$ cat data05.tsv   # TSV, C-alpha atoms
chain	number	residue	atom	x	y	z
A	19	MET	CA	134.51	-6.23	23.90
A	20	SER	CA	133.94	-6.93	20.26
A	21	GLU	CA	132.20	-4.24	18.29
A	22	LEU	CA	128.76	-4.95	16.84
A	23	TYR	CA	128.38	-3.97	13.24
A	24	HIS	CA	125.83	-4.56	10.54
A	25	GLU	CA	126.70	-6.70	7.57
A	26	SER	CA	124.09	-7.39	4.94
A	27	PRO	CA	123.38	-11.07	4.16
A	28	LEU	CA	124.81	-10.80	0.66
A	29	ALA	CA	127.78	-8.54	1.42
A	30	GLY	CA	130.55	-9.09	-1.10
A	31	VAL	CA	128.35	-10.87	-3.63
A	32	THR	CA	128.23	-9.36	-7.10
A	33	ALA	CA	125.98	-10.21	-10.00
A	34	PRO	CA	127.67	-12.35	-12.64
A	35	SER	CA	127.98	-11.06	-16.17
A	36	GLY	CA	125.65	-12.26	-18.91
A	37	LEU	CA	122.35	-11.78	-17.05
A	38	ALA	CA	119.17	-10.94	-18.94
A	39	VAL	CA	117.93	-8.74	-16.07
A	40	SER	CA	119.67	-6.66	-13.44
A	41	LEU	CA	120.10	-8.23	-10.03
A	42	ARG	CA	121.33	-6.61	-6.84
A	43	GLU	CA	120.90	-6.72	-3.11
A	44	ILE	CA	119.22	-3.90	-1.21
A	45	PRO	CA	121.34	-3.92	1.94
A	46	ASP	CA	120.02	-1.05	4.03
A	47	ARG	CA	116.29	-1.66	4.30
A	48	GLY	CA	114.72	-1.37	7.72
A	49	MET	CA	111.77	-3.65	8.40
A	50	ILE	CA	109.23	-3.70	11.20
A	51	ASP	CA	106.80	-6.54	11.68
A	52	LEU	CA	103.47	-5.20	12.92
A	53	ARG	CA	100.73	-7.48	14.16
A	54	GLY	CA	97.33	-6.57	15.47
A	55	LEU	CA	93.66	-7.10	14.81
A	56	GLY	CA	92.73	-5.58	11.46
A	57	ASN	CA	89.17	-4.84	12.59
A	58	ASP	CA	90.27	-3.10	15.80
A	59	LYS	CA	89.56	0.59	15.19
A	60	LYS	CA	91.86	1.79	17.98
A	61	PHE	CA	94.74	-0.23	16.56
A	62	ALA	CA	94.17	1.05	13.01
A	63	ALA	CA	93.94	4.66	14.20
A	64	ALA	CA	97.11	4.41	16.31
A	65	ALA	CA	99.07	2.85	13.44
A	66	LYS	CA	97.82	5.51	11.05
A	67	GLU	CA	98.83	8.29	13.40
A	68	VAL	CA	102.43	7.07	13.52
A	69	LEU	CA	102.85	5.96	9.92
A	70	GLY	CA	100.91	8.83	8.34
A	71	VAL	CA	98.97	6.38	6.22
A	72	ALA	CA	96.30	3.81	6.99
A	73	LEU	CA	97.33	0.14	7.04
A	74	PRO	CA	96.27	-1.50	3.76
A	75	LYS	CA	93.18	-3.63	4.23
A	76	THR	CA	93.00	-5.09	0.76
A	77	PRO	CA	94.74	-8.47	0.71
A	78	ARG	CA	98.14	-8.53	-0.99
A	79	SER	CA	98.34	-4.77	-1.46
A	80	SER	CA	100.72	-2.12	-0.19
A	81	VAL	CA	100.70	1.60	0.52
A	82	ALA	CA	103.51	4.16	0.47
A	83	TRP	CA	103.91	7.41	2.33
A	84	GLY	CA	107.20	9.32	2.06
A	85	ASP	CA	109.98	6.85	2.75
A	86	ILE	CA	107.64	4.42	4.49
A	87	LYS	CA	105.98	1.50	2.76
A	88	VAL	CA	103.50	-0.87	4.36
A	89	LEU	CA	102.98	-4.32	2.89
A	90	TRP	CA	99.92	-6.46	3.68
A	91	LEU	CA	101.10	-9.89	4.79
A	92	SER	CA	97.98	-11.28	6.42
A	93	ILE	CA	94.69	-10.08	7.89
A	94	ASP	CA	96.56	-9.38	11.12
A	95	GLN	CA	100.12	-8.80	9.94
A	96	TRP	CA	101.91	-6.01	8.09
A	97	LEU	CA	105.53	-5.40	7.14
A	98	ILE	CA	106.65	-1.79	7.44
A	99	LEU	CA	109.60	-0.80	5.25
A	100	CYS	CA	111.68	2.27	6.01
A	101	PRO	CA	115.32	3.36	5.85
A	102	ARG	CA	117.42	1.38	8.29
A	103	THR	CA	118.45	4.51	10.18
A	104	LYS	CA	114.82	5.30	10.94
A	105	VAL	CA	113.81	1.97	12.43
A	106	SER	CA	114.46	2.61	16.12
A	107	GLU	CA	112.69	5.96	16.04
A	108	LEU	CA	109.68	4.57	14.20
A	109	LEU	CA	109.53	1.49	16.41
A	110	ALA	CA	109.56	3.59	19.58
A	111	ALA	CA	106.78	5.79	18.19
A	112	LEU	CA	104.72	2.73	17.22
A	113	ARG	CA	105.15	1.09	20.60
A	114	SER	CA	104.14	4.18	22.53
A	115	ALA	CA	101.11	4.76	20.29
A	116	LEU	CA	100.06	1.11	20.55
A	117	ALA	CA	100.54	0.87	24.32
A	118	GLY	CA	97.57	-0.91	25.86
A	119	ILE	CA	96.26	-2.13	22.49
A	120	HIS	CA	96.51	-5.84	21.65
A	121	SER	CA	99.38	-5.69	19.15
A	122	LEU	CA	103.04	-6.41	18.50
A	123	ALA	CA	105.74	-4.37	16.75
A	124	VAL	CA	109.19	-5.88	16.30
A	125	ASP	CA	112.32	-4.80	14.45
A	126	VAL	CA	112.96	-7.56	11.90
A	127	SER	CA	115.46	-5.68	9.72
A	128	ASP	CA	117.99	-8.50	10.02
A	129	MET	CA	115.47	-11.28	9.44
A	130	ARG	CA	115.31	-11.12	5.66
A	131	ALA	CA	117.57	-10.42	2.71
A	132	VAL	CA	116.20	-8.22	-0.05
A	133	ILE	CA	117.07	-8.92	-3.66
A	134	ARG	CA	116.00	-6.49	-6.35
A	135	MET	CA	115.40	-7.70	-9.85
A	136	GLU	CA	114.88	-5.17	-12.58
A	137	GLY	CA	114.33	-5.29	-16.30
A	138	ASP	CA	112.22	-6.63	-19.09
A	139	GLY	CA	111.67	-10.35	-18.63
A	140	SER	CA	111.85	-10.33	-14.82
A	141	ARG	CA	108.43	-11.92	-14.56
A	142	GLU	CA	109.48	-14.81	-16.76
A	143	VAL	CA	112.57	-15.35	-14.60
A	144	LEU	CA	110.47	-15.34	-11.40
A	145	MET	CA	107.97	-17.75	-12.89
A	146	LYS	CA	110.70	-20.36	-13.16
A	147	GLY	CA	110.63	-20.59	-9.36
A	148	THR	CA	106.94	-20.30	-8.58
A	149	SER	CA	103.65	-21.79	-9.68
A	150	LEU	CA	101.90	-18.40	-9.57
A	151	ASP	CA	100.69	-16.77	-12.74
A	152	LEU	CA	102.68	-13.55	-12.49
A	153	LEU	CA	101.27	-12.36	-15.81
A	154	SER	CA	97.77	-12.07	-14.33
A	155	ALA	CA	96.28	-8.73	-13.29
A	156	ASP	CA	96.79	-9.69	-9.61
A	157	TYR	CA	100.45	-8.75	-9.82
A	158	GLN	CA	100.38	-5.09	-10.73
A	159	ALA	CA	102.71	-2.45	-9.27
A	160	GLY	CA	102.20	-2.18	-5.52
A	161	SER	CA	100.97	-5.70	-5.00
A	162	CYS	CA	102.82	-8.07	-2.74
A	163	ARG	CA	102.42	-11.62	-1.54
A	164	ARG	CA	104.20	-14.34	0.28
A	165	MET	CA	104.77	-17.36	-1.88
A	166	ARG	CA	106.71	-20.51	-2.39
A	167	PHE	CA	109.68	-19.56	-4.54
A	168	ALA	CA	112.37	-22.06	-5.58
A	169	GLU	CA	111.02	-24.38	-2.83
A	170	ILE	CA	111.59	-21.77	-0.10
A	171	ALA	CA	109.34	-19.19	1.53
A	172	ALA	CA	109.65	-15.76	-0.03
A	173	LEU	CA	107.86	-12.46	-0.14
A	174	LEU	CA	107.37	-10.83	-3.52
A	175	HIS	CA	106.77	-7.11	-3.84
A	176	VAL	CA	106.00	-5.70	-7.27
A	177	VAL	CA	107.57	-2.24	-6.97
A	178	GLU	CA	106.94	-1.27	-10.55
A	179	ASP	CA	105.88	-3.22	-13.57
A	180	ASP	CA	109.37	-4.58	-14.19
A	181	ILE	CA	110.95	-4.00	-10.78
A	182	PHE	CA	110.60	-6.70	-8.14
A	183	ASP	CA	111.82	-6.98	-4.57
A	184	ILE	CA	112.22	-10.52	-3.36
A	185	TYR	CA	112.47	-11.00	0.39
A	186	VAL	CA	113.86	-14.30	1.62
A	187	PHE	CA	114.92	-15.36	5.08
A	188	ARG	CA	118.52	-14.42	5.78
A	189	SER	CA	119.83	-17.95	5.91
A	190	TYR	CA	118.47	-18.58	2.41
A	191	ALA	CA	120.00	-15.42	0.94
A	192	HIS	CA	122.84	-17.10	-0.93
A	193	TYR	CA	120.63	-19.92	-2.17
A	194	ALA	CA	118.03	-17.50	-3.52
A	195	TRP	CA	120.74	-15.35	-5.06
A	196	GLU	CA	122.35	-18.31	-6.80
A	197	PHE	CA	118.98	-19.52	-8.02
A	198	LEU	CA	118.16	-16.11	-9.50
A	199	ALA	CA	121.64	-15.60	-10.95
A	200	THR	CA	121.40	-18.99	-12.66
A	201	THR	CA	117.85	-18.73	-13.96
A	202	ALA	CA	118.30	-15.11	-15.11
A	203	ARG	CA	121.18	-15.86	-17.48
A	204	GLU	CA	120.70	-14.50	-20.97
A	205	SER	CA	121.20	-17.99	-22.37
A	206	ALA	CA	118.49	-19.40	-20.08
A	207	LYS	CA	115.85	-16.94	-21.25
A	208	VAL	CA	112.45	-18.49	-21.87
A	209	LYS	CA	109.85	-17.40	-24.32
A	210	LEU	CA	106.44	-18.01	-22.86
A	211	PHE	CA	104.72	-18.03	-26.22
A	212	GLY	CA	105.90	-19.40	-29.52
A	213	ALA	CA	108.83	-21.64	-30.35
A	214	GLN	CA	111.80	-21.76	-27.99
A	215	SER	CA	115.25	-21.01	-29.29
A	216	ALA	CA	117.76	-23.81	-28.94
A	217	PRO	CA	119.87	-23.65	-25.75
A	218	VAL	CA	123.30	-22.11	-26.26
B	18	MET	CA	97.91	-30.24	-9.94
B	19	LEU	CA	95.21	-28.73	-7.74
B	20	ILE	CA	94.46	-25.02	-8.01
B	21	VAL	CA	93.46	-23.70	-4.60
B	22	THR	CA	91.92	-20.33	-3.70
B	23	CYS	CA	92.31	-19.05	-0.16
B	24	PRO	CA	88.97	-17.64	1.10
B	25	VAL	CA	90.81	-15.39	3.57
B	26	CYS	CA	93.20	-13.51	1.30
B	27	GLY	CA	91.82	-14.54	-2.09
B	28	ALA	CA	95.21	-15.76	-3.29
B	29	LYS	CA	95.12	-18.37	-5.99
B	30	GLY	CA	97.92	-20.84	-6.40
B	31	ASP	CA	98.65	-24.49	-6.85
B	32	GLU	CA	98.66	-26.95	-4.00
B	33	THR	CA	102.37	-26.48	-3.26
B	34	ASP	CA	101.62	-22.98	-1.97
B	35	PHE	CA	99.09	-24.52	0.42
B	36	HIS	CA	99.04	-27.33	2.91
B	37	ALA	CA	96.37	-29.99	3.23
B	38	ALA	CA	95.75	-30.89	6.84
B	39	GLY	CA	93.25	-33.71	6.92
B	40	GLN	CA	89.57	-33.97	7.56
B	41	ALA	CA	87.50	-30.94	8.49
B	42	HIS	CA	84.84	-30.51	11.18
B	43	VAL	CA	86.31	-32.98	13.66
B	44	ARG	CA	84.65	-32.26	17.00
B	45	ARG	CA	86.47	-32.89	20.25
B	46	PRO	CA	83.91	-34.41	22.62
B	47	ALA	CA	85.69	-33.14	25.72
B	48	THR	CA	85.17	-29.56	24.58
B	49	HIS	CA	81.40	-29.91	24.35
B	50	ASP	CA	80.65	-32.36	27.14
B	51	PRO	CA	83.66	-32.73	29.44
B	52	VAL	CA	81.83	-34.81	32.04
B	53	ASN	CA	80.37	-37.62	29.95
B	54	ILE	CA	82.92	-38.87	27.45
B	55	SER	CA	82.92	-42.51	26.56
B	56	ASP	CA	86.00	-44.36	25.42
B	57	GLU	CA	84.29	-44.92	22.06
B	58	GLU	CA	83.72	-41.21	21.53
B	59	GLN	CA	87.32	-40.39	22.37
B	60	ARG	CA	88.54	-43.17	20.05
B	61	ASP	CA	86.39	-41.88	17.21
B	62	TYR	CA	87.63	-38.35	17.78
B	63	LEU	CA	91.27	-39.42	17.67
B	64	PHE	CA	91.35	-42.12	15.02
B	65	ILE	CA	88.18	-42.51	13.01
B	66	ARG	CA	87.89	-40.47	9.83
B	67	HIS	CA	85.53	-40.39	6.89
B	68	ASN	CA	86.99	-41.81	3.71
B	69	PRO	CA	84.38	-41.12	1.06
B	70	LYS	CA	84.55	-41.69	-2.64
B	71	GLY	CA	83.19	-38.39	-3.84
B	72	LEU	CA	82.53	-35.23	-1.87
B	73	HIS	CA	84.89	-34.74	1.07
B	74	PHE	CA	85.53	-31.86	3.47
B	75	GLU	CA	89.07	-30.91	4.40
B	76	ARG	CA	91.13	-28.41	6.31
B	77	TRP	CA	93.75	-26.47	4.38
B	78	ARG	CA	96.23	-23.77	5.27
B	79	CYS	CA	97.41	-20.85	3.14
B	80	ASP	CA	100.87	-22.06	4.03
B	81	ARG	CA	103.12	-19.80	1.98
B	82	GLY	CA	100.63	-16.93	1.76
B	83	CYS	CA	98.60	-15.33	4.54
B	84	GLY	CA	99.15	-18.26	6.91
B	85	LYS	CA	95.49	-18.73	7.78
B	86	TRP	CA	93.50	-21.95	7.99
B	87	PHE	CA	90.40	-22.56	5.93
B	88	HIS	CA	88.05	-25.32	4.81
B	89	ALA	CA	87.64	-26.83	1.38
B	90	ALA	CA	85.07	-29.19	-0.11
B	91	ARG	CA	86.71	-31.47	-2.63
B	92	ASP	CA	85.59	-34.40	-4.72
B	93	THR	CA	88.04	-37.22	-4.06
B	94	MET	CA	87.24	-38.84	-7.38
B	95	THR	CA	87.40	-35.91	-9.80
B	96	MET	CA	89.71	-33.79	-7.56
B	97	GLU	CA	87.39	-30.88	-8.21
B	98	PHE	CA	87.04	-28.25	-5.48
B	99	LYS	CA	83.36	-27.49	-4.82
B	100	ALA	CA	83.85	-24.67	-2.31
B	101	PHE	CA	86.34	-22.85	-0.11
B	102	TYR	CA	84.96	-21.46	3.12
B	103	LYS	CA	86.14	-20.02	6.41
B	104	ILE	CA	87.57	-22.12	9.19
B	105	THR	CA	84.72	-21.27	11.59
B	106	ASP	CA	81.98	-21.97	9.04
B	107	LEU	CA	80.02	-24.98	7.93
B	108	PRO	CA	80.00	-25.59	4.17
B	109	PRO	CA	77.71	-23.49	1.98
B	110	PRO	CA	74.19	-25.03	2.13
B	111	GLU	CA	74.15	-26.15	-1.50
B	112	VAL	CA	77.43	-28.06	-1.03
B	113	MET	CA	76.34	-29.47	2.33
B	114	ALA	CA	73.19	-30.78	0.66
B	115	GLU	CA	75.33	-32.80	-1.76
B	116	ALA	CA	77.11	-34.65	1.05
B	117	LYS	CA	76.44	-38.38	1.19
B	118	GLY	CA	76.90	-41.25	3.62
B	119	SER	CA	78.75	-40.50	6.85
B	120	TRP	CA	79.16	-36.83	5.96
B	121	ALA	CA	75.41	-36.42	5.45
B	122	GLU	CA	74.83	-38.05	8.85
B	123	TYR	CA	77.40	-35.76	10.42
B	124	PHE	CA	75.89	-32.56	9.02
B	125	ALA	CA	72.37	-33.68	9.96
B	126	SER	CA	73.43	-34.26	13.58
B	127	ARG	CA	75.43	-31.04	13.62
B	128	THR	CA	72.60	-28.84	12.35
B	129	SER	CA	70.04	-30.46	14.66
B	130	MET	CA	72.46	-29.94	17.57
B	131	GLU	CA	72.89	-26.28	16.69
B	132	SER	CA	69.19	-25.63	16.22
B	133	LYS	CA	68.56	-27.05	19.72
B	134	ALA	CA	71.22	-24.81	21.26
$ encode --input "data05.tsv" --output "structure tokens"
Amino acid sequence: MSELYHESPLAGVTAPSGLAVSLREIPDRGMIDLRGLGNDKKFAAAAKEVLGVALPKTPRSSVAWGDIKVLWLSIDQWLILCPRTKVSELLAALRSALAGIHSLAVDVSDMRAVIRMEGDGSREVLMKGTSLDLLSADYQAGSCRRMRFAEIAALLHVVEDDIFDIYVFRSYAHYAWEFLATTARESAKVKLFGAQSAPV
Amino acid sequence: MLIVTCPVCGAKGDETDFHAAGQAHVRRPATHDPVNISDEEQRDYLFIRHNPKGLHFERWRCDRGCGKWFHAARDTMTMEFKAFYKITDLPPPEVMAEAKGSWAEYFASRTSMESKA
């Protein structure tokens, strides 16, 4: 029998030199997709009991508790982030707490690749791939939203003001990485206001 | 470029983050009166759509965002959105009152049908 082992979608890929921001993959993030009715009190209470924190109800927001983060994806869908080693334990706890309640909890740790972009100017780099106004007050630390990024579906999580996690489906990992590595080059830097410098 | 606001999650983005999915408020006759459906009614349900110059009502989906469906009232001439409202709702009264032609007829029959029920 062949041995099963985990390899991250971007294993072996390194950031090129000459980038204006720092770019790396986060390879060991566990993810659980949780679905249920947001207005079901039993469901909310059961999820809170396991996670230690209530599911965020405000659209496009997230909450954190210890090493667990919960991102709002839709009125009936949340993405739970935790260390990869903790997923099976947390999933079992969720499933037993949610038994009999109309809901669904699935381990989706291998579904998406996570790319972290850090540094001054990250927003400008991201805005090359999306039509969203990332400079508006909607995109403060803790906010998250699914969006169309570089023509593909992506999930954006604003971790801190200049730290972003970009989640893309695993099969798009290399494409998204190449897109970011190309648009984040120092020589491709854009100035949103004022005159542009000539391309190098 | 159309700027769309999703009434479910409040996300604002341009039309590429959303998906337009045709005319709103199409009623399937078989759902409401399964016994007496004429061929004409079924034909209208499948193929006949309003095509107004001016105020139009459409279904949209927050395609790359929360994934939910919603309704939008849009002017086909100026491309201006008049309202975004939930998928189970009729348009806000002030927008419904602006509807002309076949849409006005539709809303009149719909509200009289619902007041009878």
$ closest_residue --input "data05.tsv" --among "A:Val31, A:Ile50, A:Met19, A:Leu89" --to "A:Thr76" --atoms "all atoms listed in the file"
A:Leu89
$ closest_residue --input "data05.tsv" --among "A:Val81, A:Ile119, A:Val39, A:Ile181" --to "A:Ala62" --atoms "only C-alpha atoms"
A:Ile119
$ residues_around --input "data05.tsv" --residues "A:Gly84" --least-positions-apart "4" --cutoff "12 Å" --atoms "only C-alpha atoms" --output "PyMOL selection string"
chain A and resi 69-71+88+99-101
$ residues_around --input "data05.tsv" --residues "A:Val208" --least-positions-apart "5" --cutoff "12 Å" --atoms "all atoms listed in the file" --output "list in words"
Ala38, Gly139, Ser140, Arg141, Glu142, Val143, Leu144, Met145, Lys146, Thr201, Ala202, Arg203, Ala213, Gln214, Ser215, Ala216 and Pro217 of chain A
$ closest_residue --input "data05.tsv" --among "A:Ala63, A:Met49, A:Ala131, A:Leu122" --to "A:Arg102" --atoms "all atoms listed in the file"
A:Met49
$ residues_around --input "data05.tsv" --residues "A:Ile93" --least-positions-apart "2" --cutoff "9 Å" --atoms "all atoms listed in the file" --output "number ranges by chain"
A: 54-57, 75-77, 90-91, 95-96; B: 25-26, 83, 85
$ interface_residues --input "data05.tsv" --of "chain B" --to "chain A" --cutoff "10 Å" --atoms "only C-alpha atoms" --output "ChimeraX atom specification"
/B:20,25-35,79-85
$ residues_around --input "data05.tsv" --residues "A:Arg113" --least-positions-apart "4" --cutoff "7 Å" --atoms "only C-alpha atoms" --output "number ranges by chain"
A: 109, 117, 123
$ closest_residue --input "data05.tsv" --among "A:His24, A:Ile98, A:Ala65, A:Phe187" --to "A:Ser80" --atoms "only C-alpha atoms"
A:Ile98
$ residues_around --input "data05.tsv" --residues "B:Glu97" --least-positions-apart "4" --cutoff "10 Å" --atoms "only C-alpha atoms" --output "number ranges by chain"
B: 19-20, 71-72, 90-93
$ decode --input "data05.tsv" --residues "stretch 80-112 of chain B" --atoms "N, CA and C atoms" --output "short mmCIF file (atom, residue, chain, number, x, y, z; two decimals), in the first residue's frame"
data_model
loop_
_atom_site.label_atom_id
_atom_site.label_comp_id
_atom_site.auth_asym_id
_atom_site.auth_seq_id
_atom_site.Cartn_x
_atom_site.Cartn_y
_atom_site.Cartn_z
N ASP B 80 -22.77 36.30 -6.88
CA ASP B 80 -22.10 35.13 -7.42
C ASP B 80 -20.78 34.82 -6.73
N ARG B 81 -19.94 35.82 -6.59
CA ARG B 81 -18.62 35.60 -6.00
C ARG B 81 -18.60 36.01 -4.53
N GLY B 82 -19.73 36.38 -3.98
CA GLY B 82 -19.80 36.79 -2.59
C GLY B 82 -20.56 35.77 -1.76
N CYS B 83 -21.73 36.17 -1.24
CA CYS B 83 -22.43 35.27 -0.32
C CYS B 83 -23.22 34.18 -1.04
N GLY B 84 -23.31 34.27 -2.36
CA GLY B 84 -23.93 33.18 -3.12
C GLY B 84 -25.45 33.21 -3.15
N LYS B 85 -26.06 34.26 -2.59
CA LYS B 85 -27.52 34.28 -2.52
C LYS B 85 -28.13 35.05 -3.70
N TRP B 86 -29.38 34.67 -4.00
CA TRP B 86 -30.12 35.34 -5.07
C TRP B 86 -30.84 36.56 -4.52
N PHE B 87 -31.03 37.55 -5.35
CA PHE B 87 -31.82 38.71 -4.95
C PHE B 87 -32.43 39.35 -6.19
N HIS B 88 -33.27 40.34 -5.95
CA HIS B 88 -33.94 41.06 -7.04
C HIS B 88 -33.35 42.47 -7.18
N ALA B 89 -33.41 42.98 -8.39
CA ALA B 89 -32.97 44.35 -8.61
C ALA B 89 -33.93 45.03 -9.59
N ALA B 90 -34.20 46.30 -9.34
CA ALA B 90 -34.98 47.11 -10.27
C ALA B 90 -34.00 48.02 -10.99
N ARG B 91 -33.98 47.91 -12.32
CA ARG B 91 -32.98 48.65 -13.08
C ARG B 91 -33.65 49.36 -14.25
N ASP B 92 -33.16 50.53 -14.56
CA ASP B 92 -33.65 51.25 -15.73
C ASP B 92 -32.82 50.80 -16.92
N THR B 93 -33.47 50.23 -17.92
CA THR B 93 -32.71 49.68 -19.05
C THR B 93 -32.14 50.78 -19.94
N MET B 94 -32.63 52.00 -19.76
CA MET B 94 -32.15 53.08 -20.62
C MET B 94 -30.97 53.80 -19.97
N THR B 95 -31.11 54.13 -18.68
CA THR B 95 -30.03 54.86 -18.00
C THR B 95 -29.09 53.91 -17.27
N MET B 96 -29.43 52.62 -17.18
CA MET B 96 -28.68 51.61 -16.45
C MET B 96 -28.63 51.89 -14.95
N GLU B 97 -29.50 52.75 -14.48
CA GLU B 97 -29.49 53.09 -13.06
C GLU B 97 -30.28 52.06 -12.26
N PHE B 98 -29.70 51.60 -11.15
CA PHE B 98 -30.44 50.69 -10.27
C PHE B 98 -31.35 51.51 -9.36
N LYS B 99 -32.65 51.15 -9.33
CA LYS B 99 -33.60 51.89 -8.50
C LYS B 99 -33.71 51.25 -7.12
N ALA B 100 -33.56 49.93 -7.05
CA ALA B 100 -33.69 49.25 -5.75
C ALA B 100 -33.09 47.85 -5.83
N PHE B 101 -32.61 47.37 -4.69
CA PHE B 101 -32.25 45.96 -4.54
C PHE B 101 -33.13 45.42 -3.42
N TYR B 102 -33.75 44.28 -3.65
CA TYR B 102 -34.62 43.75 -2.60
C TYR B 102 -34.54 42.23 -2.62
N LYS B 103 -35.09 41.63 -1.54
CA LYS B 103 -34.90 40.20 -1.33
C LYS B 103 -35.64 39.35 -2.35
N ILE B 104 -35.16 38.14 -2.50
CA ILE B 104 -35.66 37.26 -3.55
C ILE B 104 -37.12 36.87 -3.33
N THR B 105 -37.59 36.90 -2.08
CA THR B 105 -38.99 36.52 -1.80
C THR B 105 -39.93 37.73 -1.84
N ASP B 106 -39.35 38.92 -2.00
CA ASP B 106 -40.16 40.15 -1.90
C ASP B 106 -40.61 40.67 -3.26
N LEU B 107 -41.67 41.47 -3.19
CA LEU B 107 -42.03 42.31 -4.33
C LEU B 107 -41.23 43.61 -4.20
N PRO B 108 -41.12 44.38 -5.26
CA PRO B 108 -40.34 45.63 -5.17
C PRO B 108 -40.90 46.56 -4.10
N PRO B 109 -40.07 47.47 -3.60
CA PRO B 109 -40.58 48.49 -2.67
C PRO B 109 -41.71 49.26 -3.36
N PRO B 110 -42.77 49.62 -2.58
CA PRO B 110 -43.97 50.22 -3.18
C PRO B 110 -43.69 51.41 -4.10
N GLU B 111 -42.73 52.27 -3.69
CA GLU B 111 -42.49 53.47 -4.50
C GLU B 111 -41.89 53.11 -5.87
N VAL B 112 -41.11 52.01 -5.91
CA VAL B 112 -40.54 51.59 -7.19
C VAL B 112 -41.59 50.87 -8.02
#
